[in-house]
Amino acid sequence: MEEEGVIKFDLRFTAGPAIPMDTLAELNNWRNILWQHALIGQDTRRYDGHGFGNISQRIGAADAPVGNREFAISGTQTGHLDQLSNHHYARVTAYHADTNQVTADGPVMPSSESMTHGVIYDLDNELRAVLHVHSPDIWKTAAVRGIPMTRASVEYGTPEMSHEVARLFSQTAVREQGIFSMGGHKDGIVAFATSVEEAGNTLLTALARS
Ligand SMILES: [Zn+2]
């Protein structure tokens with residue numbers, strides 16, 4: 001399968017200070033919960049030992065324009081860590097699917113799936129949190145549970161994935177469901193909501209039903 005964790009966009013990264021822990025408290029709390037459920041992690045028996053899962057929360061102004069909806073996101077290659085501090089999160093300040101560019105700063109480089117997170121924030125300004133996890137149980141039962149799915153031919157972290165997510169928003173009830181499955185990214189699940197808690201609960205509910 002494709003390699004998790006490889007950054008496929010043109011990253012304009014500047015090393016900089018960490019986001020204050022107060023800003024990240026809820027997101028990091030949910031990261032602990034998801035890690036404890038093995039929805040985020042790193043396991044030698046899964047995905048050739050690559051880390052998996054990444055989470056974000058908007059931190060910028062509510063009226064920020066498309067392409068600049070600033071968000072905090074877990075850093076690349078952090079899946080193996082049982083606890084994260086604010087030094088494990090980056091700040092994405094701009095992203096453009098058309099040119100495949102992401103601009104970020106912080107103490108760590110942003111997740112390889114940053115573009116997908118940005119695209120979701122652009123699709124609905126009300127959304128404030130995006131959680132990408134890996135769950136064999138939810139993924140395998142997505143079709144029978146009516147969870148919208150991106151096409152199997154589309155890989156994570158590509159401009160095509162951005163278009164696929166946009167297609168789901170226009171052609172399915174994904175906005176109401178708050179969750180979709182990545183058909184071409186083994187076990188890949190994305191939940192999103194107006195708050196981290198709501199997105200996290202969507203995942204735990206889907207896990208319990210699967
Ligand atoms: Zn993934």
# chains A, B, ... in the order shown; residues from 1 in each chain; ligands from 1

call {"tool": "closest_atom_pairs", "arguments": {"of": "chain A", "to": "ligand 1", "cutoff": "10 Å", "atoms": "only C-alpha atoms and all ligand atoms", "output": "tab-separated table"}}
result
residue	atom	partner	partner_atom_place_in_ligand_line	distance
A:Glu2	CA	ligand 1	1 (Zn)	9.7
A:Glu3	CA	ligand 1	1 (Zn)	9.0
A:Glu4	CA	ligand 1	1 (Zn)	5.9
A:Gly5	CA	ligand 1	1 (Zn)	7.7
A:Ile40	CA	ligand 1	1 (Zn)	9.1
A:Tyr47	CA	ligand 1	1 (Zn)	9.7
A:His50	CA	ligand 1	1 (Zn)	9.7
A:Gly51	CA	ligand 1	1 (Zn)	8.5
A:Phe52	CA	ligand 1	1 (Zn)	5.3
A:Gly53	CA	ligand 1	1 (Zn)	5.3
A:Asn54	CA	ligand 1	1 (Zn)	7.4
A:Ser111	CA	ligand 1	1 (Zn)	9.7
A:Ser112	CA	ligand 1	1 (Zn)	8.7
A:Glu113	CA	ligand 1	1 (Zn)	7.3
A:His132	CA	ligand 1	1 (Zn)	6.5
A:Val133	CA	ligand 1	1 (Zn)	6.4
A:His134	CA	ligand 1	1 (Zn)	6.2
A:Ser135	CA	ligand 1	1 (Zn)	9.8
A:Glu155	CA	ligand 1	1 (Zn)	9.8
A:Tyr156	CA	ligand 1	1 (Zn)	7.0
A:Gly157	CA	ligand 1	1 (Zn)	8.8
A:Met182	CA	ligand 1	1 (Zn)	8.7
A:His185	CA	ligand 1	1 (Zn)	6.6
A:Lys186	CA	ligand 1	1 (Zn)	7.7
A:Asp187	CA	ligand 1	1 (Zn)	7.7
A:Gly188	CA	ligand 1	1 (Zn)	5.2
A:Ile189	CA	ligand 1	1 (Zn)	7.7
A:Val190	CA	ligand 1	1 (Zn)	8.9

call {"tool": "residues_around", "arguments": {"residues": "Asp22 (chain A)", "least_positions_apart": "4", "cutoff": "12 Å", "atoms": "only C-alpha atoms", "output": "PyMOL selection string"}}
result
chain A and resi 18+26-29+59+85-86

call {"tool": "closest_atom_pairs", "arguments": {"of": "region 7-57 of chain A", "to": "region 158-172 of chain A", "cutoff": "12 Å", "atoms": "only C-alpha atoms", "output": "Markdown table"}}
result
| residue | atom | partner | partner_atom | distance |
| --- | --- | --- | --- | --- |
| A:Ile7 | CA | A:Thr158 | CA | 9.5 |
| A:Lys8 | CA | A:Thr158 | CA | 6.6 |
| A:Phe9 | CA | A:Thr158 | CA | 7.4 |
| A:Asp10 | CA | A:Thr158 | CA | 10.9 |

call {"tool": "write_last_selection", "arguments": {"atoms": "C-alpha atoms", "output": "short mmCIF file (atom, residue, chain, number, x, y, z; two decimals), in the first residue's frame"}}
result
data_model
loop_
_atom_site.label_atom_id
_atom_site.label_comp_id
_atom_site.auth_asym_id
_atom_site.auth_seq_id
_atom_site.Cartn_x
_atom_site.Cartn_y
_atom_site.Cartn_z
CA ILE A 7 4.53 14.63 2.34
CA LYS A 8 3.20 14.89 -1.21
CA PHE A 9 2.68 18.64 -1.40
CA ASP A 10 5.11 21.51 -1.85
#

call {"tool": "closest_residue", "arguments": {"among": "A:Ala142, A:Leu34, A:Ile179, A:Leu11", "to": "Phe192 (chain A)", "atoms": "only C-alpha atoms"}}
result
A:Ile179

call {"tool": "select_by_dssp", "arguments": {"residues": "region 11-209 of chain A", "states": "strand (DSSP E or B)", "output": "ChimeraX atom specification"}}
result
/A:11-15,41,52,54-58,71-75,89-96,101-106,110,129-134,149-150,179-182,188-193

call {"tool": "atom_distance", "arguments": {"atom1": "CA of Gly79 (chain A)", "atom2": "CA of Tyr121 (chain A)"}}
result
22.8 Å

call {"tool": "closest_residue", "arguments": {"among": "A:Ile55, A:Leu84, A:Leu24, A:Met115", "to": "Thr99 (chain A)", "atoms": "only C-alpha atoms"}}
result
A:Met115

call {"tool": "residues_around", "arguments": {"residues": "Val102 (chain A)", "least_positions_apart": "5", "cutoff": "10 Å", "atoms": "only C-alpha atoms", "output": "NGL selection string"}}
result
:A and (9-13 or 67-68 or 92-97 or 110 or 114-115 or 118)

call {"tool": "write_last_selection", "arguments": {"atoms": "C-alpha atoms", "output": "PDB file, in the first residue's frame"}}
result
ATOM      1  CA  PHE A   9       2.682  18.639  -1.402  1.00  0.00           C
ATOM      2  CA  ASP A  10       5.110  21.505  -1.855  1.00  0.00           C
ATOM      3  CA  LEU A  11       5.717  22.491   1.774  1.00  0.00           C
ATOM      4  CA  ARG A  12       6.825  26.045   2.617  1.00  0.00           C
ATOM      5  CA  PHE A  13       7.881  25.489   6.209  1.00  0.00           C
ATOM      6  CA  GLY A  67      -7.048  28.858   1.432  1.00  0.00           C
ATOM      7  CA  ASN A  68      -6.051  30.704   4.606  1.00  0.00           C
ATOM      8  CA  VAL A  92      -0.790  25.743   8.806  1.00  0.00           C
ATOM      9  CA  THR A  93      -1.393  29.269   7.562  1.00  0.00           C
ATOM     10  CA  ALA A  94      -2.091  28.679   3.860  1.00  0.00           C
ATOM     11  CA  TYR A  95      -2.865  25.790   1.526  1.00  0.00           C
ATOM     12  CA  HIS A  96      -3.771  25.693  -2.134  1.00  0.00           C
ATOM     13  CA  ALA A  97      -4.917  22.453  -3.672  1.00  0.00           C
ATOM     14  CA  PRO A 110       2.843  19.448   9.653  1.00  0.00           C
ATOM     15  CA  SER A 114      -2.546  18.769   5.892  1.00  0.00           C
ATOM     16  CA  MET A 115      -3.969  19.519   2.455  1.00  0.00           C
ATOM     17  CA  GLY A 118      -7.481  22.499   4.700  1.00  0.00           C
TER      18      GLY A 118
END

call {"tool": "closest_residue", "arguments": {"among": "A:Pro107, A:Pro20, A:Gly183, A:Pro65", "to": "Ile138 (chain A)", "atoms": "only C-alpha atoms"}}
result
A:Gly183

call {"tool": "select_by_dssp", "arguments": {"residues": "chain A", "states": "helix (DSSP H, G or I)", "output": "PyMOL selection string"}}
result
chain A and resi 21-36+47-49+86-88+114-123+136-145+159-171+174-177+196-209

call {"tool": "closest_atom_pairs", "arguments": {"of": "region 138-175 of chain A", "to": "region 201-210 of chain A", "cutoff": "12 Å", "atoms": "only C-alpha atoms", "output": "JSON lines"}}
result
{"residue": "A:Ile138", "atom": "CA", "partner": "A:Ser210", "partner_atom": "CA", "distance": 5.4}
{"residue": "A:Trp139", "atom": "CA", "partner": "A:Ser210", "partner_atom": "CA", "distance": 8.6}
{"residue": "A:Lys140", "atom": "CA", "partner": "A:Ser210", "partner_atom": "CA", "distance": 8.3}
{"residue": "A:Thr141", "atom": "CA", "partner": "A:Ser210", "partner_atom": "CA", "distance": 6.0}
{"residue": "A:Ala142", "atom": "CA", "partner": "A:Ser210", "partner_atom": "CA", "distance": 8.1}
{"residue": "A:Ala143", "atom": "CA", "partner": "A:Ser210", "partner_atom": "CA", "distance": 10.9}
{"residue": "A:Val144", "atom": "CA", "partner": "A:Ser210", "partner_atom": "CA", "distance": 9.6}
{"residue": "A:Arg145", "atom": "CA", "partner": "A:Ser210", "partner_atom": "CA", "distance": 8.0}
{"residue": "A:Gly146", "atom": "CA", "partner": "A:Ala206", "partner_atom": "CA", "distance": 11.0}
{"residue": "A:Ile147", "atom": "CA", "partner": "A:Ala206", "partner_atom": "CA", "distance": 9.4}

call {"tool": "atom_distance", "arguments": {"atom1": "CA of Asp105 (chain A)", "atom2": "CA of Gln42 (chain A)"}}
result
24.4 Å

call {"tool": "closest_residue", "arguments": {"among": "A:Glu197, A:Asp137, A:Asp122, A:Glu176", "to": "Ala62 (chain A)", "atoms": "only C-alpha atoms"}}
result
A:Asp122

call {"tool": "atom_distance", "arguments": {"atom1": "CA of Asp63 (chain A)", "atom2": "CA of Ser181 (chain A)"}}
result
28.7 Å
